[in-house]
>>> print(open('model_12.pdb').read())   # PDB, C-alpha atoms, pLDDT in the B column
ATOM      1  CA  MET L 237      28.550-107.317  29.538  1.00 55.00           C
ATOM      2  CA  ALA L 238      29.577-104.851  26.824  1.00 55.00           C
ATOM      3  CA  LYS L 239      26.042-104.768  25.455  1.00 54.00           C
ATOM      4  CA  LYS L 240      24.590-104.208  28.930  1.00 52.00           C
ATOM      5  CA  HIS L 241      27.104-101.406  29.600  1.00 44.00           C
ATOM      6  CA  LYS L 242      26.180 -99.728  26.308  1.00 49.00           C
ATOM      7  CA  GLN L 243      22.468 -99.936  27.118  1.00 50.00           C
ATOM      8  CA  ASN L 244      23.129 -98.484  30.567  1.00 54.00           C
ATOM      9  CA  MET L 245      25.102 -95.597  29.066  1.00 53.00           C
ATOM     10  CA  GLU L 246      22.347 -94.902  26.547  1.00 61.00           C
ATOM     11  CA  TRP L 247      19.749 -94.933  29.334  1.00 56.00           C
ATOM     12  CA  LYS L 248      21.824 -92.451  31.354  1.00 61.00           C
ATOM     13  CA  ALA L 249      22.252 -90.167  28.316  1.00 63.00           C
ATOM     14  CA  GLU L 250      18.522 -90.241  27.630  1.00 70.00           C
ATOM     15  CA  THR L 251      17.672 -89.583  31.288  1.00 77.00           C
ATOM     16  CA  TYR L 252      20.157 -86.686  31.306  1.00 66.00           C
ATOM     17  CA  ALA L 253      18.516 -85.190  28.196  1.00 76.00           C
ATOM     18  CA  LEU L 254      14.978 -85.507  29.601  1.00 77.00           C
ATOM     19  CA  GLU L 255      16.092 -83.992  32.908  1.00 82.00           C
ATOM     20  CA  GLN L 256      17.460 -80.973  31.040  1.00 84.00           C
ATOM     21  CA  ILE L 257      14.170 -80.586  29.169  1.00 84.00           C
ATOM     22  CA  ALA L 258      12.265 -80.683  32.470  1.00 85.00           C
ATOM     23  CA  ASP L 259      14.574 -78.226  34.262  1.00 87.00           C
ATOM     24  CA  ARG L 260      13.019 -74.758  34.043  1.00 92.00           C
ATOM     25  CA  SER L 261      15.733 -72.836  35.867  1.00 93.00           C
ATOM     26  CA  ALA L 262      17.591 -71.558  32.777  1.00 94.00           C
ATOM     27  CA  THR L 263      14.457 -70.728  30.784  1.00 95.00           C
ATOM     28  CA  ASP L 264      12.864 -68.966  33.784  1.00 95.00           C
ATOM     29  CA  LYS L 265      16.051 -66.936  34.218  1.00 96.00           C
ATOM     30  CA  LEU L 266      15.974 -66.023  30.532  1.00 96.00           C
ATOM     31  CA  TYR L 267      12.316 -65.006  30.756  1.00 97.00           C
ATOM     32  CA  ASN L 268      13.085 -62.613  33.598  1.00 97.00           C
ATOM     33  CA  LYS L 269      15.686 -60.909  31.372  1.00 97.00           C
ATOM     34  CA  LEU L 270      13.438 -60.421  28.329  1.00 97.00           C
ATOM     35  CA  ASP L 271      13.031 -56.815  27.214  1.00 98.00           C
ATOM     36  CA  ALA L 272       9.608 -55.315  26.410  1.00 98.00           C
ATOM     37  CA  TYR L 273       9.831 -56.240  22.708  1.00 98.00           C
ATOM     38  CA  GLN L 274      10.902 -59.819  23.455  1.00 98.00           C
ATOM     39  CA  LEU L 275       8.067 -60.172  25.974  1.00 98.00           C
ATOM     40  CA  ASP L 276       5.650 -59.011  23.299  1.00 98.00           C
ATOM     41  CA  MET L 277       7.034 -61.686  20.950  1.00 98.00           C
ATOM     42  CA  ASP L 278       6.664 -64.302  23.701  1.00 98.00           C
ATOM     43  CA  ARG L 279       3.032 -63.314  24.351  1.00 98.00           C
ATOM     44  CA  LYS L 280       2.157 -63.315  20.664  1.00 98.00           C
ATOM     45  CA  ILE L 281       3.568 -66.822  20.229  1.00 98.00           C
ATOM     46  CA  GLU L 282       1.282 -67.858  23.102  1.00 97.00           C
ATOM     47  CA  ASP L 283      -1.799 -66.161  21.647  1.00 97.00           C
ATOM     48  CA  TYR L 284      -1.416 -66.661  17.894  1.00 98.00           C
ATOM     49  CA  SER L 285      -0.878 -69.681  15.663  1.00 97.00           C
ATOM     50  CA  VAL L 286       1.788 -68.034  13.486  1.00 98.00           C
ATOM     51  CA  VAL L 287       4.107 -65.141  14.332  1.00 98.00           C
ATOM     52  CA  PHE L 288       6.460 -63.362  11.921  1.00 98.00           C
ATOM     53  CA  VAL L 289       9.538 -61.653  13.348  1.00 98.00           C
ATOM     54  CA  ASP L 290      11.552 -59.415  10.998  1.00 96.00           C
ATOM     55  CA  ALA L 291      14.373 -57.968  13.080  1.00 95.00           C
ATOM     56  CA  GLU L 292      18.059 -57.107  12.998  1.00 92.00           C
ATOM     57  CA  ALA L 293      20.873 -59.454  13.943  1.00 89.00           C
ATOM     58  CA  GLY L 294      21.616 -59.663  17.662  1.00 93.00           C
ATOM     59  CA  THR L 295      18.075 -59.016  18.868  1.00 96.00           C
ATOM     60  CA  GLY L 296      17.571 -62.534  20.277  1.00 96.00           C
ATOM     61  CA  LYS L 297      14.950 -63.766  17.792  1.00 97.00           C
ATOM     62  CA  THR L 298      15.993 -67.421  17.786  1.00 97.00           C
ATOM     63  CA  THR L 299      16.581 -67.620  21.533  1.00 97.00           C
ATOM     64  CA  VAL L 300      13.163 -66.156  22.368  1.00 98.00           C
ATOM     65  CA  ALA L 301      11.483 -68.619  19.980  1.00 98.00           C
ATOM     66  CA  VAL L 302      13.402 -71.638  21.328  1.00 98.00           C
ATOM     67  CA  ARG L 303      12.706 -70.672  24.955  1.00 98.00           C
ATOM     68  CA  LYS L 304       8.988 -70.420  24.238  1.00 98.00           C
ATOM     69  CA  GLY L 305       9.014 -73.723  22.365  1.00 97.00           C
ATOM     70  CA  LEU L 306      10.533 -75.475  25.370  1.00 97.00           C
ATOM     71  CA  GLU L 307       7.925 -73.932  27.657  1.00 97.00           C
ATOM     72  CA  LEU L 308       5.062 -75.137  25.450  1.00 96.00           C
ATOM     73  CA  LEU L 309       6.681 -78.563  25.192  1.00 96.00           C
ATOM     74  CA  ARG L 310       6.830 -78.877  28.992  1.00 95.00           C
ATOM     75  CA  GLN L 311       3.201 -77.797  29.255  1.00 95.00           C
ATOM     76  CA  GLY L 312       2.150 -80.490  26.781  1.00 95.00           C
ATOM     77  CA  LYS L 313       0.763 -77.908  24.353  1.00 95.00           C
ATOM     78  CA  VAL L 314       3.069 -79.260  21.622  1.00 96.00           C
ATOM     79  CA  ASP L 315       4.717 -82.650  21.170  1.00 96.00           C
ATOM     80  CA  LYS L 316       7.951 -81.625  19.509  1.00 95.00           C
ATOM     81  CA  ILE L 317      10.091 -78.718  18.323  1.00 97.00           C
ATOM     82  CA  HIS L 318      11.088 -78.633  14.668  1.00 95.00           C
ATOM     83  CA  TYR L 319      13.772 -76.110  13.684  1.00 96.00           C
ATOM     84  CA  VAL L 320      14.075 -75.323   9.974  1.00 94.00           C
ATOM     85  CA  ARG L 321      16.851 -73.158   8.563  1.00 91.00           C
ATOM     86  CA  PHE L 322      17.034 -71.858   5.012  1.00 87.00           C
ATOM     87  CA  PRO L 323      20.513 -72.226   3.454  1.00 76.00           C
ATOM     88  CA  ASP L 324      21.983 -69.052   1.950  1.00 67.00           C
ATOM     89  CA  ARG L 325      24.055 -68.686  -1.199  1.00 58.00           C
ATOM     90  CA  ARG L 326      27.370 -68.687   0.716  1.00 53.00           C
ATOM     91  CA  SER L 327      26.549 -71.985   2.439  1.00 53.00           C
ATOM     92  CA  LEU L 328      25.752 -73.621  -0.871  1.00 51.00           C
ATOM     93  CA  LYS L 329      29.027 -72.375  -2.366  1.00 49.00           C
ATOM     94  CA  LEU L 330      30.942 -73.811   0.594  1.00 44.00           C
ATOM     95  CA  GLY L 331      29.596 -77.266  -0.175  1.00 49.00           C
ATOM     96  CA  PHE L 332      26.541 -77.509   2.101  1.00 47.00           C
ATOM     97  CA  LEU L 333      24.548 -80.573   1.079  1.00 49.00           C
ATOM     98  CA  ALA L 334      21.096 -81.135   2.485  1.00 50.00           C
ATOM     99  CA  GLY L 335      20.825 -84.677   3.775  1.00 49.00           C
ATOM    100  CA  ASN L 336      24.428 -84.868   4.967  1.00 49.00           C
ATOM    101  CA  TYR L 337      23.970 -85.150   8.744  1.00 49.00           C
ATOM    102  CA  GLU L 338      27.359 -83.743   9.731  1.00 54.00           C
ATOM    103  CA  LYS L 339      27.071 -80.730   7.466  1.00 54.00           C
ATOM    104  CA  GLU L 340      23.459 -80.101   8.485  1.00 60.00           C
ATOM    105  CA  ALA L 341      24.354 -80.344  12.178  1.00 62.00           C
ATOM    106  CA  GLY L 342      27.029 -77.695  11.699  1.00 65.00           C
ATOM    107  CA  TYR L 343      24.567 -75.483   9.845  1.00 75.00           C
ATOM    108  CA  MET L 344      22.136 -75.731  12.777  1.00 88.00           C
ATOM    109  CA  HIS L 345      24.662 -74.088  15.119  1.00 90.00           C
ATOM    110  CA  PRO L 346      22.341 -71.118  15.962  1.00 93.00           C
ATOM    111  CA  PHE L 347      19.749 -73.584  17.238  1.00 95.00           C
ATOM    112  CA  TYR L 348      22.302 -75.417  19.402  1.00 95.00           C
ATOM    113  CA  GLU L 349      23.474 -72.062  20.798  1.00 95.00           C
ATOM    114  CA  ALA L 350      19.923 -71.038  21.663  1.00 96.00           C
ATOM    115  CA  MET L 351      19.282 -74.409  23.312  1.00 96.00           C
ATOM    116  CA  ALA L 352      22.466 -74.001  25.369  1.00 95.00           C
ATOM    117  CA  GLU L 353      21.213 -70.597  26.536  1.00 95.00           C
ATOM    118  CA  CYS L 354      18.082 -72.437  27.649  1.00 96.00           C
ATOM    119  CA  GLY L 355      20.184 -74.895  29.678  1.00 94.00           C
ATOM    120  CA  ILE L 356      20.187 -77.802  27.206  1.00 94.00           C
ATOM    121  CA  GLN L 357      23.630 -78.827  25.989  1.00 92.00           C
ATOM    122  CA  LYS L 358      24.516 -80.289  22.591  1.00 92.00           C
ATOM    123  CA  GLU L 359      24.752 -83.911  23.798  1.00 91.00           C
ATOM    124  CA  ALA L 360      21.248 -83.652  25.255  1.00 92.00           C
ATOM    125  CA  VAL L 361      19.916 -82.026  22.059  1.00 93.00           C
ATOM    126  CA  ASP L 362      21.359 -84.878  19.990  1.00 92.00           C
ATOM    127  CA  LYS L 363      19.699 -87.445  22.251  1.00 92.00           C
ATOM    128  CA  LEU L 364      16.366 -85.586  22.024  1.00 93.00           C
ATOM    129  CA  ILE L 365      16.719 -85.633  18.231  1.00 93.00           C
ATOM    130  CA  GLU L 366      17.177 -89.420  18.433  1.00 91.00           C
ATOM    131  CA  ARG L 367      13.980 -89.611  20.493  1.00 92.00           C
ATOM    132  CA  GLY L 368      12.070 -87.473  17.969  1.00 92.00           C
ATOM    133  CA  ILE L 369      11.275 -84.777  20.534  1.00 95.00           C
ATOM    134  CA  ILE L 370      13.388 -82.306  18.563  1.00 95.00           C
ATOM    135  CA  GLU L 371      13.968 -82.223  14.827  1.00 93.00           C
ATOM    136  CA  THR L 372      16.237 -80.019  12.715  1.00 91.00           C
ATOM    137  CA  SER L 373      16.239 -79.750   8.951  1.00 85.00           C
ATOM    138  CA  THR L 374      16.424 -77.496   5.941  1.00 79.00           C
ATOM    139  CA  ASP L 375      13.291 -76.741   3.959  1.00 63.00           C
ATOM    140  CA  ILE L 376      14.200 -79.391   1.360  1.00 63.00           C
ATOM    141  CA  HIS L 377      13.079 -82.371   3.503  1.00 64.00           C
ATOM    142  CA  LEU L 378       9.573 -81.155   4.317  1.00 66.00           C
ATOM    143  CA  ARG L 379       7.538 -82.107   1.255  1.00 66.00           C
ATOM    144  CA  GLY L 380       4.729 -84.443   2.293  1.00 63.00           C
ATOM    145  CA  ARG L 381       5.253 -83.870   6.022  1.00 76.00           C
ATOM    146  CA  ASN L 382       2.259 -83.435   8.340  1.00 76.00           C
ATOM    147  CA  MET L 383       3.095 -81.206  11.322  1.00 84.00           C
ATOM    148  CA  GLN L 384       0.481 -81.718  14.011  1.00 90.00           C
ATOM    149  CA  GLY L 385       1.430 -80.878  17.593  1.00 94.00           C
ATOM    150  CA  VAL L 386       4.635 -79.249  16.337  1.00 96.00           C
ATOM    151  CA  PHE L 387       6.289 -76.005  17.418  1.00 97.00           C
ATOM    152  CA  LEU L 388       7.840 -74.958  14.112  1.00 97.00           C
ATOM    153  CA  ILE L 389      10.690 -72.445  14.030  1.00 97.00           C
ATOM    154  CA  ILE L 390      11.639 -71.216  10.562  1.00 96.00           C
ATOM    155  CA  ASP L 391      14.958 -69.362  10.778  1.00 95.00           C
ATOM    156  CA  GLU L 392      16.715 -67.176   8.191  1.00 93.00           C
ATOM    157  CA  ALA L 393      13.410 -67.047   6.311  1.00 95.00           C
ATOM    158  CA  GLN L 394      14.655 -64.089   4.260  1.00 94.00           C
ATOM    159  CA  ASN L 395      16.760 -66.654   2.341  1.00 91.00           C
ATOM    160  CA  ALA L 396      13.671 -68.391   0.928  1.00 92.00           C
ATOM    161  CA  GLN L 397      14.368 -68.173  -2.794  1.00 90.00           C
ATOM    162  CA  ASP L 398      10.765 -67.614  -3.834  1.00 92.00           C
ATOM    163  CA  LEU L 399       7.178 -67.836  -2.589  1.00 94.00           C
ATOM    164  CA  SER L 400       7.014 -71.594  -3.157  1.00 91.00           C
ATOM    165  CA  ASP L 401       9.886 -72.214  -0.692  1.00 91.00           C
ATOM    166  CA  LEU L 402       8.014 -70.761   2.278  1.00 92.00           C
ATOM    167  CA  LYS L 403       4.690 -72.089   1.042  1.00 92.00           C
ATOM    168  CA  LEU L 404       6.143 -75.616   1.146  1.00 89.00           C
ATOM    169  CA  VAL L 405       7.069 -75.207   4.827  1.00 91.00           C
ATOM    170  CA  LEU L 406       4.030 -73.302   6.110  1.00 93.00           C
ATOM    171  CA  THR L 407       1.509 -75.606   4.419  1.00 91.00           C
ATOM    172  CA  ARG L 408       2.863 -78.492   6.540  1.00 89.00           C
ATOM    173  CA  LEU L 409       1.535 -76.887   9.762  1.00 92.00           C
ATOM    174  CA  HIS L 410      -1.709 -78.096  11.346  1.00 91.00           C
ATOM    175  CA  ASP L 411      -4.341 -75.842  12.921  1.00 91.00           C
ATOM    176  CA  HIS L 412      -4.688 -78.364  15.755  1.00 86.00           C
ATOM    177  CA  ARG L 413      -1.859 -77.943  18.305  1.00 89.00           C
ATOM    178  CA  GLY L 414       0.502 -76.435  15.775  1.00 92.00           C
ATOM    179  CA  LYS L 415       2.445 -73.195  16.136  1.00 96.00           C
ATOM    180  CA  GLY L 416       4.848 -71.484  13.790  1.00 97.00           C
ATOM    181  CA  VAL L 417       7.440 -68.764  14.371  1.00 98.00           C
ATOM    182  CA  VAL L 418       8.921 -67.357  11.157  1.00 98.00           C
ATOM    183  CA  ILE L 419      12.183 -65.494  11.775  1.00 97.00           C
ATOM    184  CA  GLY L 420      14.105 -63.339   9.353  1.00 95.00           C
ATOM    185  CA  HIS L 421      16.059 -60.163   8.717  1.00 94.00           C
ATOM    186  CA  SER L 422      15.059 -58.584   5.425  1.00 90.00           C
ATOM    187  CA  LYS L 423      18.098 -56.304   5.339  1.00 85.00           C
ATOM    188  CA  GLN L 424      20.259 -59.414   4.966  1.00 83.00           C
ATOM    189  CA  THR L 425      18.345 -60.952   2.075  1.00 76.00           C
ATOM    190  CA  ASP L 426      20.384 -63.336  -0.059  1.00 71.00           C
ATOM    191  CA  SER L 427      21.079 -61.882  -3.516  1.00 67.00           C
ATOM    192  CA  ARG L 428      19.640 -64.978  -5.248  1.00 81.00           C
ATOM    193  CA  VAL L 429      16.064 -64.512  -3.929  1.00 88.00           C
ATOM    194  CA  GLU L 430      13.220 -63.353  -6.124  1.00 91.00           C
ATOM    195  CA  LEU L 431      11.690 -59.960  -5.327  1.00 92.00           C
ATOM    196  CA  TYR L 432       8.005 -59.128  -5.807  1.00 94.00           C
ATOM    197  CA  THR L 433       5.878 -56.052  -6.561  1.00 94.00           C
ATOM    198  CA  LYS L 434       7.118 -52.523  -7.119  1.00 94.00           C
ATOM    199  CA  HIS L 435       8.220 -52.497  -3.462  1.00 92.00           C
ATOM    200  CA  ARG L 436      10.740 -55.272  -4.169  1.00 92.00           C
ATOM    201  CA  LEU L 437       9.631 -57.499  -1.309  1.00 95.00           C
ATOM    202  CA  ASN L 438      11.205 -60.904  -0.686  1.00 94.00           C
ATOM    203  CA  ALA L 439       9.138 -64.062  -0.113  1.00 95.00           C
ATOM    204  CA  PHE L 440       9.456 -63.679   3.673  1.00 96.00           C
ATOM    205  CA  GLN L 441       7.978 -60.168   3.571  1.00 96.00           C
ATOM    206  CA  VAL L 442       5.181 -61.186   1.174  1.00 97.00           C
ATOM    207  CA  ASN L 443       4.254 -64.154   3.396  1.00 97.00           C
ATOM    208  CA  ALA L 444       4.268 -61.937   6.496  1.00 97.00           C
ATOM    209  CA  PHE L 445       1.802 -59.585   4.791  1.00 97.00           C
ATOM    210  CA  HIS L 446      -0.338 -62.448   3.457  1.00 97.00           C
ATOM    211  CA  MET L 447      -0.535 -64.576   6.624  1.00 97.00           C
ATOM    212  CA  THR L 448      -1.213 -61.660   9.005  1.00 98.00           C
ATOM    213  CA  ARG L 449      -4.340 -60.765   7.047  1.00 98.00           C
ATOM    214  CA  LYS L 450      -5.909 -63.516   9.191  1.00 98.00           C
ATOM    215  CA  PRO L 451      -6.712 -62.953  12.902  1.00 98.00           C
ATOM    216  CA  TRP L 452      -4.665 -65.984  14.025  1.00 97.00           C
ATOM    217  CA  ALA L 453      -1.364 -64.585  12.717  1.00 98.00           C
ATOM    218  CA  ALA L 454       0.666 -61.633  13.972  1.00 98.00           C
ATOM    219  CA  ARG L 455       3.936 -59.749  13.669  1.00 98.00           C
ATOM    220  CA  ALA L 456       6.427 -59.074  16.432  1.00 97.00           C
ATOM    221  CA  TYR L 457       9.244 -56.534  16.399  1.00 95.00           C
ATOM    222  CA  LEU L 458      12.545 -56.754  18.295  1.00 96.00           C
ATOM    223  CA  LEU L 459      14.433 -53.450  18.413  1.00 94.00           C
ATOM    224  CA  ILE L 460      17.346 -53.897  20.827  1.00 94.00           C
ATOM    225  CA  ASN L 461      20.634 -55.273  19.459  1.00 92.00           C
ATOM    226  CA  TYR L 462      22.513 -56.996  22.285  1.00 92.00           C
ATOM    227  CA  ARG L 463      25.718 -57.494  20.304  1.00 91.00           C
ATOM    228  CA  GLY L 464      26.448 -53.781  20.545  1.00 89.00           C
ATOM    229  CA  GLU L 465      27.446 -50.935  18.273  1.00 91.00           C
ATOM    230  CA  ILE L 466      29.788 -52.900  15.970  1.00 92.00           C
ATOM    231  CA  SER L 467      27.036 -55.313  14.921  1.00 88.00           C
ATOM    232  CA  LYS L 468      24.418 -52.561  14.720  1.00 86.00           C
ATOM    233  CA  TRP L 469      26.540 -50.265  12.543  1.00 90.00           C
ATOM    234  CA  ALA L 470      27.742 -53.098  10.278  1.00 89.00           C
ATOM    235  CA  ASP L 471      24.100 -54.026   9.682  1.00 86.00           C
ATOM    236  CA  ARG L 472      23.473 -50.544   8.243  1.00 85.00           C
ATOM    237  CA  VAL L 473      26.243 -50.393   5.640  1.00 86.00           C
ATOM    238  CA  GLU L 474      23.707 -49.513   2.935  1.00 82.00           C
ATOM    239  CA  GLU L 475      23.237 -46.112   4.612  1.00 86.00           C
ATOM    240  CA  SER L 476      26.701 -45.125   3.440  1.00 92.00           C
ATOM    241  CA  LEU L 477      25.938 -45.830  -0.232  1.00 87.00           C
ATOM    242  CA  ALA L 478      24.305 -42.424  -0.669  1.00 78.00           C
ATOM    243  CA  LEU L 479      27.440 -40.723   0.640  1.00 87.00           C
ATOM    244  CA  LEU L 480      29.666 -42.738  -1.680  1.00 91.00           C
ATOM    245  CA  GLU L 481      27.460 -42.071  -4.685  1.00 86.00           C
ATOM    246  CA  GLY L 482      27.387 -38.339  -3.854  1.00 71.00           C
TER     247      GLY L 482
END
>>> encode(input="model_12.pdb", output="structure tokens")
Amino acid sequence: MAKKHKQNMEWKAETYALEQIADRSATDKLYNKLDAYQLDMDRKIEDYSVVFVDAEAGTGKTTVAVRKGLELLRQGKVDKIHYVRFPDRRSLKLGFLAGNYEKEAGYMHPFYEAMAECGIQKEAVDKLIERGIIETSTDIHLRGRNMQGVFLIIDEAQNAQDLSDLKLVLTRLHDHRGKGVVIGHSKQTDSRVELYTKHRLNAFQVNAFHMTRKPWAARAYLLINYRGEISKWADRVEESLALLEG
């Protein structure tokens, strides 16, 4: 009886998760609230294979990408969503260990938040991960992977330590039924990353330039910070350096 009860509970949890995936009400509501820049990002994800988004904190980058991924998943244009997040120096100092499920799950909090905005709660996300419909990881686990039919979201890409870090992730993606959204904020680049050329560009910026030389890749720009003036002003602390140095 206990085994049958457990199986029944697992079936209900899985049904609940699939029902949330199928329910468009939250994602349709979100779509109707997208600003002009977010709509442009949404359209470019539809039309291009790879889209780079370099925008400030609070502009909705991750949420727009996740919402679009769910839409493409429902339409059968992709088979799964894979969310990759690059660890920063602070996370590593705090004891983040790739491969530790509990620590990785905590580090994926932005993805869970975006999914909740799209009407899919944490318990359902976890069940969808069990089913293989959703996958979350850091960049470390991707060597040798073959991403066909995958909607790939690369978050905090400005924390890629060097060109090889992003190359490892982007070379996994298939032309056939594969899409990639590379999200970052170059003004918040981790101090450990290597910088290139006289312009001191990070790996995220170099890859954005390189990939968009092809007609199947594009850039999108989000310019409205929905967290408000505190977040916006804090993000521009470097502007005050000139005053302090003067």
>>> resolve_selection(input="model_12.pdb", expression="the PyMOL selection byres ((chain L and resi 429) around 9)", output="JSON, numbers by chain")
{"L": [394, 395, 396, 397, 398, 425, 426, 427, 428, 430, 431, 438, 439]}
>>> closest_residue(input="model_12.pdb", among="L:Leu308, L:His345, L:Val417, L:Ala360", to="Arg455 (chain L)", atoms="all atoms listed in the file")
L:Val417
>>> closest_residue(input="model_12.pdb", among="L:Gln441, L:Tyr462, L:Tyr348, L:Ala293", to="Leu270 (chain L)", atoms="only C-alpha atoms")
L:Tyr462
>>> atom_distance(input="model_12.pdb", atom1="CA of Gln274 (chain L)", atom2="CA of Leu458 (chain L)")
6.2 Å
>>> residues_around(input="model_12.pdb", residues="Asp276 (chain L)", least_positions_apart="4", cutoff="9 Å", atoms="all atoms listed in the file", output="JSON, numbers by chain")
{"L": [271, 272, 280, 281, 456, 457, 458]}
>>> resolve_selection(input="model_12.pdb", expression="the PyMOL selection byres ((chain L and resi 262) around 10)", output="PDB file with C-alpha atoms, keeping the file's coordinate frame")
ATOM      1  CA  GLN L 256      17.460 -80.973  31.040  1.00 84.00           C
ATOM      2  CA  ASP L 259      14.574 -78.226  34.262  1.00 87.00           C
ATOM      3  CA  ARG L 260      13.019 -74.758  34.043  1.00 92.00           C
ATOM      4  CA  SER L 261      15.733 -72.836  35.867  1.00 93.00           C
ATOM      5  CA  THR L 263      14.457 -70.728  30.784  1.00 95.00           C
ATOM      6  CA  ASP L 264      12.864 -68.966  33.784  1.00 95.00           C
ATOM      7  CA  LYS L 265      16.051 -66.936  34.218  1.00 96.00           C
ATOM      8  CA  LEU L 266      15.974 -66.023  30.532  1.00 96.00           C
ATOM      9  CA  TYR L 267      12.316 -65.006  30.756  1.00 97.00           C
ATOM     10  CA  ARG L 303      12.706 -70.672  24.955  1.00 98.00           C
ATOM     11  CA  ALA L 352      22.466 -74.001  25.369  1.00 95.00           C
ATOM     12  CA  GLU L 353      21.213 -70.597  26.536  1.00 95.00           C
ATOM     13  CA  CYS L 354      18.082 -72.437  27.649  1.00 96.00           C
ATOM     14  CA  GLY L 355      20.184 -74.895  29.678  1.00 94.00           C
ATOM     15  CA  ILE L 356      20.187 -77.802  27.206  1.00 94.00           C
TER      16      ILE L 356
END
>>> atom_distance(input="model_12.pdb", atom1="CA of Glu255 (chain L)", atom2="CA of Ile365 (chain L)")
14.8 Å
>>> closest_residue(input="model_12.pdb", among="L:Lys423, L:Ala478, L:Ala454, L:Tyr432", to="Glu292 (chain L)", atoms="only C-alpha atoms")
L:Lys423
>>> closest_residue(input="model_12.pdb", among="L:Trp452, L:Tyr273, L:Phe440, L:Phe288", to="Leu402 (chain L)", atoms="all atoms listed in the file")
L:Phe440
>>> atom_distance(input="model_12.pdb", atom1="CA of Asn382 (chain L)", atom2="CA of His412 (chain L)")
11.4 Å
>>> residues_around(input="model_12.pdb", residues="Val361 (chain L)", least_positions_apart="2", cutoff="8 Å", atoms="all atoms listed in the file", output="number ranges by chain")
L: 253, 348, 351, 356-359, 363-365, 370
>>> write_last_selection(input="model_12.pdb", atoms="C-alpha atoms", output="mmCIF file, in the coordinates of the input")
data_model
loop_
_atom_site.group_PDB
_atom_site.id
_atom_site.type_symbol
_atom_site.label_atom_id
_atom_site.label_comp_id
_atom_site.auth_asym_id
_atom_site.auth_seq_id
_atom_site.Cartn_x
_atom_site.Cartn_y
_atom_site.Cartn_z
ATOM 1 C CA ALA L 253 18.516 -85.190 28.196
ATOM 2 C CA TYR L 348 22.302 -75.417 19.402
ATOM 3 C CA MET L 351 19.282 -74.409 23.312
ATOM 4 C CA ILE L 356 20.187 -77.802 27.206
ATOM 5 C CA GLN L 357 23.630 -78.827 25.989
ATOM 6 C CA LYS L 358 24.516 -80.289 22.591
ATOM 7 C CA GLU L 359 24.752 -83.911 23.798
ATOM 8 C CA LYS L 363 19.699 -87.445 22.251
ATOM 9 C CA LEU L 364 16.366 -85.586 22.024
ATOM 10 C CA ILE L 365 16.719 -85.633 18.231
ATOM 11 C CA ILE L 370 13.388 -82.306 18.563
#
